[in-house]
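Q: Before I ask anything, here is the structure I am working with.
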Amino acid sequence: MNVRIRQSVRELKPYTPGEQTRDPSLLKLNTNENPYPPSPGVQGLLSTLAVEDLSRYPDPLSTELRGFLSELHACKPENVIVGNGSDELLLLCLRAFVERRGTINYFDPSYSLYAVLAAIEDVAAIPVPLGEDFQWVVPPLTNTSLFFLTNPNSPTSILYPSDEIVRFCGSFNGVVVIDEAYVEFADTHCMHLAKGLPNVIVTRTLSKAYSLAGIRLGYAVGPADLISALYKIKDSYNVSRLTQEVGLAALRDQEYLHKITHAICSTRERIADELVTRGYTVFPSQTNFLWIQSPRLPAGDLYRYLREQKILVRHFPGKRTGDYVRVSIGNDAEMDRFLAYAP
């Protein structure tokens, strides 16, 4: 490999996203996308956008969008930052709160991007193994600067106990970033910790519950001094004009959000119950996907069999995850198709 490339990049194992396909015959249940369209307000907005506005830079501070988010979460605009997906904000947190050759922690298994971000920045990534059934364990208290806490967790779909999270955040000396990418499908959330504790940031995304994975919009809420640090290092114009306006239109339609998340959760419970009757191991999901183990096929074989039936699910080879597959929740017709082939 070219020695002109930085050593950490030469050795980097990049993040592997779920398979993307343009084949309309394939049923995509592998990337936790929302099966329902965005809010009707989004379509209405797109039909009225002025093309000539695209020649102008977007608002670098996403002022109107942040203003609405601060109202939504009962905080001040200075407690909010908007990003190019929540992934950008995760990277900014790592850059802002971890010294070179510092250390981050996260649970294992959880979002595999965390280790990649750490490797990019030459930061040590030390995973904390979850319990035997992927349940919460109390992380050891170390000199770690940053803990990425995915809640509800991915890929396991489990929501951690709120009281345990509160105790951990109160005892951890560094910054805790609670990644709530799937929280709209859960019974509880941790936004109050971002507003009440000096070391907690909560990140959220519009990719899942708001059906806007295609525009890449996320945001974070936290103490003003921590959010200010992220502003110092973000790209000047990190969120496009279109993304800001589309995101605002979706956020304003909370009634539609509740309607489609309720539909997804209802479908999730129906499919989980049916799989349990067939002998599957199904973990208690608080997300828009199920973490399952087949009683008849090894996970890798199940993944390949379903793909032969033109159904994409996600398999994560590895010691902790290799026995399971993750199945995104589609609409009822899509999930009936999945059930028709699930052995």
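Residue names in the structure tokens use chain letters A, B, ... in the order shown, residue numbers from 1 in each chain, and ligand numbers from 1 in the order shown.
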Return as a tab-separated table the residues of segment 146-244 of chain A lying at most 8 Å from segment 252-264 of chain A, together with the closest atom-to-atom pair for each and the distance in Å to one decimal, counting only C-alpha atoms, with rows in chain order and ascending residue number.
A:
residue	atom	partner	partner_atom	distance
A:Glu184	CA	A:Thr261	CA	7.0
A:Phe185	CA	A:Thr261	CA	6.2
A:Ala209	CA	A:Thr261	CA	6.4
A:Tyr210	CA	A:Leu257	CA	6.3
Q: Those same residues, written as a compact mmCIF listing (two decimals), in the first residue's frame with N, CA and C atoms?
A:
# COMPACT_ATOMS: atom_id res chain seq x y z
N GLU A 184 -37.46 6.88 19.00
CA GLU A 184 -38.89 7.12 18.73
C GLU A 184 -39.70 5.83 18.75
N PHE A 185 -39.02 4.68 18.68
CA PHE A 185 -39.71 3.39 18.73
C PHE A 185 -39.66 2.78 20.13
N ALA A 209 -37.17 7.19 12.20
CA ALA A 209 -38.59 7.45 12.45
C ALA A 209 -39.18 8.47 11.50
N TYR A 210 -38.38 9.44 11.04
CA TYR A 210 -38.90 10.49 10.17
C TYR A 210 -38.82 10.15 8.67
Q: How close does each residue of segment 220-297 of chain A get to segment 68-77 of chain A, giving the shortest atom pair and distance in Å to one decimal for every residue with an atom at most 12 Å away, counting only C-alpha atoms, sorted by chain and residue number, as a Markdown table?
A:
| residue | atom | partner | partner_atom | distance |
| --- | --- | --- | --- | --- |
| A:Ala220 | CA | A:Leu69 | CA | 9.7 |
| A:Val221 | CA | A:Cys75 | CA | 8.5 |
| A:Gly222 | CA | A:Cys75 | CA | 9.2 |
| A:Pro223 | CA | A:Lys76 | CA | 9.8 |
| A:Ala224 | CA | A:Lys76 | CA | 8.7 |
| A:Ile227 | CA | A:Pro77 | CA | 10.1 |
| A:Ser228 | CA | A:Pro77 | CA | 11.0 |
| A:Gln244 | CA | A:Phe68 | CA | 11.3 |
| A:Glu245 | CA | A:Phe68 | CA | 11.6 |
| A:Gly247 | CA | A:Leu69 | CA | 10.5 |
| A:Leu248 | CA | A:Phe68 | CA | 7.6 |
| A:Ala249 | CA | A:Phe68 | CA | 10.4 |
| A:Ala250 | CA | A:Phe68 | CA | 11.3 |
| A:Leu251 | CA | A:Leu69 | CA | 8.1 |
| A:Arg252 | CA | A:Phe68 | CA | 8.1 |
| A:Asp253 | CA | A:Leu72 | CA | 11.5 |
| A:Gln254 | CA | A:Leu72 | CA | 9.8 |
Q: Save the residues we just selected, N, CA and C atoms, as a short mmCIF file (atom, residue, chain, number, x, y, z; two decimals), in the first residue's frame?
A:
data_model
loop_
_atom_site.label_atom_id
_atom_site.label_comp_id
_atom_site.auth_asym_id
_atom_site.auth_seq_id
_atom_site.Cartn_x
_atom_site.Cartn_y
_atom_site.Cartn_z
N ALA A 220 -27.85 17.02 17.93
CA ALA A 220 -27.42 16.68 19.28
C ALA A 220 -27.89 17.76 20.24
N VAL A 221 -28.21 17.33 21.45
CA VAL A 221 -28.61 18.23 22.53
C VAL A 221 -27.70 17.97 23.72
N GLY A 222 -27.24 19.04 24.36
CA GLY A 222 -26.35 18.88 25.49
C GLY A 222 -26.03 20.19 26.16
N PRO A 223 -25.16 20.17 27.16
CA PRO A 223 -24.74 21.40 27.84
C PRO A 223 -24.13 22.39 26.85
N ALA A 224 -24.39 23.66 27.06
CA ALA A 224 -23.98 24.69 26.11
C ALA A 224 -22.47 24.69 25.86
N ILE A 227 -21.65 21.73 23.54
CA ILE A 227 -22.15 21.99 22.19
C ILE A 227 -21.32 23.06 21.50
N SER A 228 -20.90 24.08 22.25
CA SER A 228 -20.06 25.14 21.69
C SER A 228 -18.74 24.57 21.17
N GLN A 244 -31.98 21.34 5.58
CA GLN A 244 -32.54 22.12 6.68
C GLN A 244 -34.04 22.31 6.50
N GLU A 245 -34.49 22.66 5.31
CA GLU A 245 -35.89 22.96 5.09
C GLU A 245 -36.75 21.70 5.12
N GLY A 247 -35.98 18.88 6.69
CA GLY A 247 -35.99 18.41 8.06
C GLY A 247 -36.96 19.18 8.93
N LEU A 248 -37.01 20.49 8.74
CA LEU A 248 -37.93 21.31 9.54
C LEU A 248 -39.38 20.95 9.23
N ALA A 249 -39.69 20.72 7.95
CA ALA A 249 -41.05 20.34 7.58
C ALA A 249 -41.45 19.02 8.23
N ALA A 250 -40.54 18.07 8.28
CA ALA A 250 -40.83 16.78 8.90
C ALA A 250 -40.99 16.91 10.41
N LEU A 251 -40.13 17.67 11.05
CA LEU A 251 -40.18 17.82 12.50
C LEU A 251 -41.46 18.51 12.95
N ARG A 252 -41.98 19.40 12.12
CA ARG A 252 -43.20 20.12 12.49
C ARG A 252 -44.44 19.21 12.50
N ASP A 253 -44.34 18.07 11.84
CA ASP A 253 -45.49 17.17 11.74
C ASP A 253 -45.34 16.02 12.74
N GLN A 254 -45.44 16.34 14.01
CA GLN A 254 -45.30 15.33 15.05
C GLN A 254 -46.47 14.34 15.05
#
Q: Please provide as a list in words all residues within 10 Å of Ala125 of chain A, with the sequence filter that same-chain residues fewer than 6 positions apart are discarded (counting only C-alpha atoms).
A: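 Result of the neighbour search: Gly102, Thr103, Ile104, Asn105, Tyr106, Tyr114, Ala115, Val116, Leu117, Ala118, Ala119, Thr144, Leu146 and Phe147 of chain A.
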Q: Can I get the selected residues back with C-alpha atoms, as a PDB file, in the first residue's frame?
A:
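Saved the output as result.pdb:
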ATOM      1  CA  GLY A 102      -6.761   8.990  24.241  1.00  0.00           C
ATOM      2  CA  THR A 103      -9.371   6.300  24.815  1.00  0.00           C
ATOM      3  CA  ILE A 104     -13.051   5.762  24.135  1.00  0.00           C
ATOM      4  CA  ASN A 105     -15.418   3.063  25.350  1.00  0.00           C
ATOM      5  CA  TYR A 106     -18.642   1.599  24.009  1.00  0.00           C
ATOM      6  CA  TYR A 114     -17.534   3.827  16.845  1.00  0.00           C
ATOM      7  CA  ALA A 115     -14.376   1.738  16.453  1.00  0.00           C
ATOM      8  CA  VAL A 116     -13.872   3.060  12.926  1.00  0.00           C
ATOM      9  CA  LEU A 117     -14.118   6.688  14.058  1.00  0.00           C
ATOM     10  CA  ALA A 118     -11.600   5.997  16.812  1.00  0.00           C
ATOM     11  CA  ALA A 119      -9.174   4.402  14.358  1.00  0.00           C
ATOM     12  CA  THR A 144     -11.634   7.126  29.386  1.00  0.00           C
ATOM     13  CA  LEU A 146     -15.733   9.409  26.007  1.00  0.00           C
ATOM     14  CA  PHE A 147     -18.350   6.665  26.216  1.00  0.00           C
TER      15      PHE A 147
END
Q: Tell me which protein, DNA and RNA residues are within 10 Å of Leu226 of chain A, counting only C-alpha atoms, leaving out same-chain ones fewer than 3 positions away, and put them as a list in words.
A: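 After dropping sequence-adjacent residues, the list is Glu78, Asn79, Cys93, Ala96, Phe97, Val175, Pro198, Asn199, Val200, Ile201, Val221, Gly222, Pro223, Ala229, Leu230 and Tyr231 of chain A.
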Q: Would you write out those residues with C-alpha atoms, as a CSV table (one decimal), in the first residue's frame?
A:
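So the final result, stored in part-v2.csv, reads:
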chain,number,residue,atom,x,y,z
A,78,GLU,CA,-27.3,27.0,22.3
A,79,ASN,CA,-28.0,23.5,23.6
A,93,CYS,CA,-17.7,14.5,19.8
A,96,ALA,CA,-13.7,17.6,20.6
A,97,PHE,CA,-13.5,15.5,23.8
A,175,VAL,CA,-18.4,12.7,28.3
A,198,PRO,CA,-22.9,18.5,32.7
A,199,ASN,CA,-21.3,15.5,30.8
A,200,VAL,CA,-24.2,14.1,28.7
A,201,ILE,CA,-25.0,14.7,25.0
A,221,VAL,CA,-28.6,18.2,22.5
A,222,GLY,CA,-26.4,18.9,25.5
A,223,PRO,CA,-24.7,21.4,27.8
A,229,ALA,CA,-17.0,23.0,21.4
A,230,LEU,CA,-18.6,21.0,18.6
A,231,TYR,CA,-19.4,24.2,16.7
Q: Identify all residues of segment 183-244 of chain A in alpha helix (DSSP H) (DSSP on the backbone) and supply them as a compact mmCIF listing (two decimals) with C-alpha atoms, in the first residue's frame.
A:
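New file selection-v1.txt:
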# COMPACT_ATOMS: atom_id res chain seq x y z
CA MET A 191 -33.13 13.58 26.67
CA HIS A 192 -33.61 14.87 30.22
CA LEU A 193 -30.04 13.80 31.04
CA ALA A 194 -28.65 16.00 28.25
CA LYS A 195 -30.47 18.93 29.84
CA GLY A 196 -29.67 18.09 33.46
CA ALA A 224 -23.98 24.69 26.11
CA ASP A 225 -20.22 24.48 26.69
CA LEU A 226 -19.97 21.02 25.15
CA ILE A 227 -22.15 21.99 22.19
CA SER A 228 -20.06 25.14 21.69
CA ALA A 229 -16.96 22.96 21.40
CA LEU A 230 -18.59 21.01 18.57
CA TYR A 231 -19.36 24.23 16.73
CA LYS A 232 -15.69 25.17 16.77
CA ILE A 233 -14.71 22.14 14.70
CA ARG A 241 -30.29 24.35 2.52
CA LEU A 242 -32.53 21.57 1.22
CA THR A 243 -31.78 19.35 4.19
CA GLN A 244 -32.54 22.12 6.68
Q: Taking only segment 41-107 of chain A into account, list the residues labelled strand (DSSP E) by DSSP (computed from the backbone), as a PyMOL selection string.
A: chain A and resi 80-83+103-107
Q: Work out how far atom CA of Val327 of chain A is from atom CA of Ala299 of chain A, in Å to one decimal.
A: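 The value is 11.7 Å.
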Q: Give me the residues within 7 Å of Ser211 of chain A as a PyMOL selection string, counting only C-alpha atoms and dropping any in the same chain fewer than 6 places off.
A: chain A and resi 34+36-38
Q: Could you dump the residues just selected with N, CA and C atoms as an mmCIF file, in the first residue's frame?
A:
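File written: part.cif
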data_model
loop_
_atom_site.group_PDB
_atom_site.id
_atom_site.type_symbol
_atom_site.label_atom_id
_atom_site.label_comp_id
_atom_site.auth_asym_id
_atom_site.auth_seq_id
_atom_site.Cartn_x
_atom_site.Cartn_y
_atom_site.Cartn_z
ATOM 1 N N ASN A 34 -37.234 3.325 7.037
ATOM 2 C CA ASN A 34 -38.657 3.402 7.338
ATOM 3 C C ASN A 34 -39.450 3.002 6.097
ATOM 4 N N TYR A 36 -42.472 3.702 5.403
ATOM 5 C CA TYR A 36 -43.492 4.685 5.068
ATOM 6 C C TYR A 36 -42.840 5.959 4.528
ATOM 7 N N PRO A 37 -43.538 6.710 3.688
ATOM 8 C CA PRO A 37 -42.957 7.940 3.142
ATOM 9 C C PRO A 37 -42.838 9.013 4.209
ATOM 10 N N PRO A 38 -42.049 10.051 3.934
ATOM 11 C CA PRO A 38 -41.973 11.168 4.885
ATOM 12 C C PRO A 38 -43.311 11.880 5.021
#
Q: Select, from A:Val80, A:Ile120, A:Glu64, A:Val239, the residue with the minimum atom-to-atom distance to Arg10 of chain A, counting only C-alpha atoms.
A: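 Closest to Arg10 of chain A of all the choices is A:Ile120.
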Q: To one decimal in Å, tell me the separation between atom CA of Arg270 of chain A and atom CA of Cys190 of chain A.
A: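 Separation between atom CA of Arg270 of chain A and atom CA of Cys190 of chain A: 26.9 Å.
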Q: Which one of A:Val183, A:Ile81, A:Val177, A:Leu12 sits closest to Asn288 of chain A if you count only C-alpha atoms?
A: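 For Asn288 of chain A, the nearest of the candidates is A:Val183.
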Q: Which residues are near segment 300-311 of chain A? Cut-off 7 Å, only C-alpha atoms, ignore same chain within fewer than 5 positions. Put them as JSON, numbers by chain.
A: {"A": [25, 26, 27, 28]}
Q: Measuring atom to atom with only C-alpha atoms, identify which of A:Ser236, A:Ser157, A:Ser86, A:Gln293 is nearest to Pro343 of chain A.
A: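 Closest candidate: A:Gln293.
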Q: Determine the nearest neighbour of Thr277 of chain A from the options A:Ser294, A:Thr321, A:Gln7, A:Asn153, counting only C-alpha atoms.
A: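 Using only C-alpha atoms, the shortest distance to Thr277 of chain A belongs to A:Ser294.
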Q: Rounded to one decimal, what separation in Å do you get between atom CA of Arg326 of chain A and atom CA of Ile292 of chain A?
A: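 Result for atom CA of Arg326 of chain A versus atom CA of Ile292 of chain A: 6.4 Å, one decimal.
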Q: Near Ser110 of chain A, counting only C-alpha atoms, which residues have an atom at most 7 Å away, once you skip same-chain residues fewer than 5 positions from it, shown as a list in words?
A: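 Neighbouring residues, sequence-local ones excluded: Thr150, Asn153, Ser154 and Pro155 of chain A.
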Q: Just to be explicit: take each residue in the selection above, keep N, CA and C atoms, and write the result as an mmCIF file, in the first residue's frame.
A:
data_model
loop_
_atom_site.group_PDB
_atom_site.id
_atom_site.type_symbol
_atom_site.label_atom_id
_atom_site.label_comp_id
_atom_site.auth_asym_id
_atom_site.auth_seq_id
_atom_site.Cartn_x
_atom_site.Cartn_y
_atom_site.Cartn_z
ATOM 1 N N THR A 150 -25.233 3.448 22.926
ATOM 2 C CA THR A 150 -26.344 3.332 21.992
ATOM 3 C C THR A 150 -27.570 2.823 22.739
ATOM 4 N N ASN A 153 -30.172 -0.180 21.872
ATOM 5 C CA ASN A 153 -28.928 -0.632 21.263
ATOM 6 C C ASN A 153 -29.154 -1.207 19.870
ATOM 7 N N SER A 154 -28.136 -1.085 19.054
ATOM 8 C CA SER A 154 -28.099 -1.748 17.756
ATOM 9 C C SER A 154 -26.796 -2.531 17.686
ATOM 10 N N PRO A 155 -26.831 -3.800 17.292
ATOM 11 C CA PRO A 155 -27.933 -4.476 16.594
ATOM 12 C C PRO A 155 -28.874 -5.272 17.487
#
Q: With only C-alpha atoms as the atoms that count, which of A:Lys234, A:Arg320, A:Arg95, A:Arg216 lies nearest to Phe134 of chain A?
A: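 Result for the nearest residue to Phe134 of chain A: A:Arg320.
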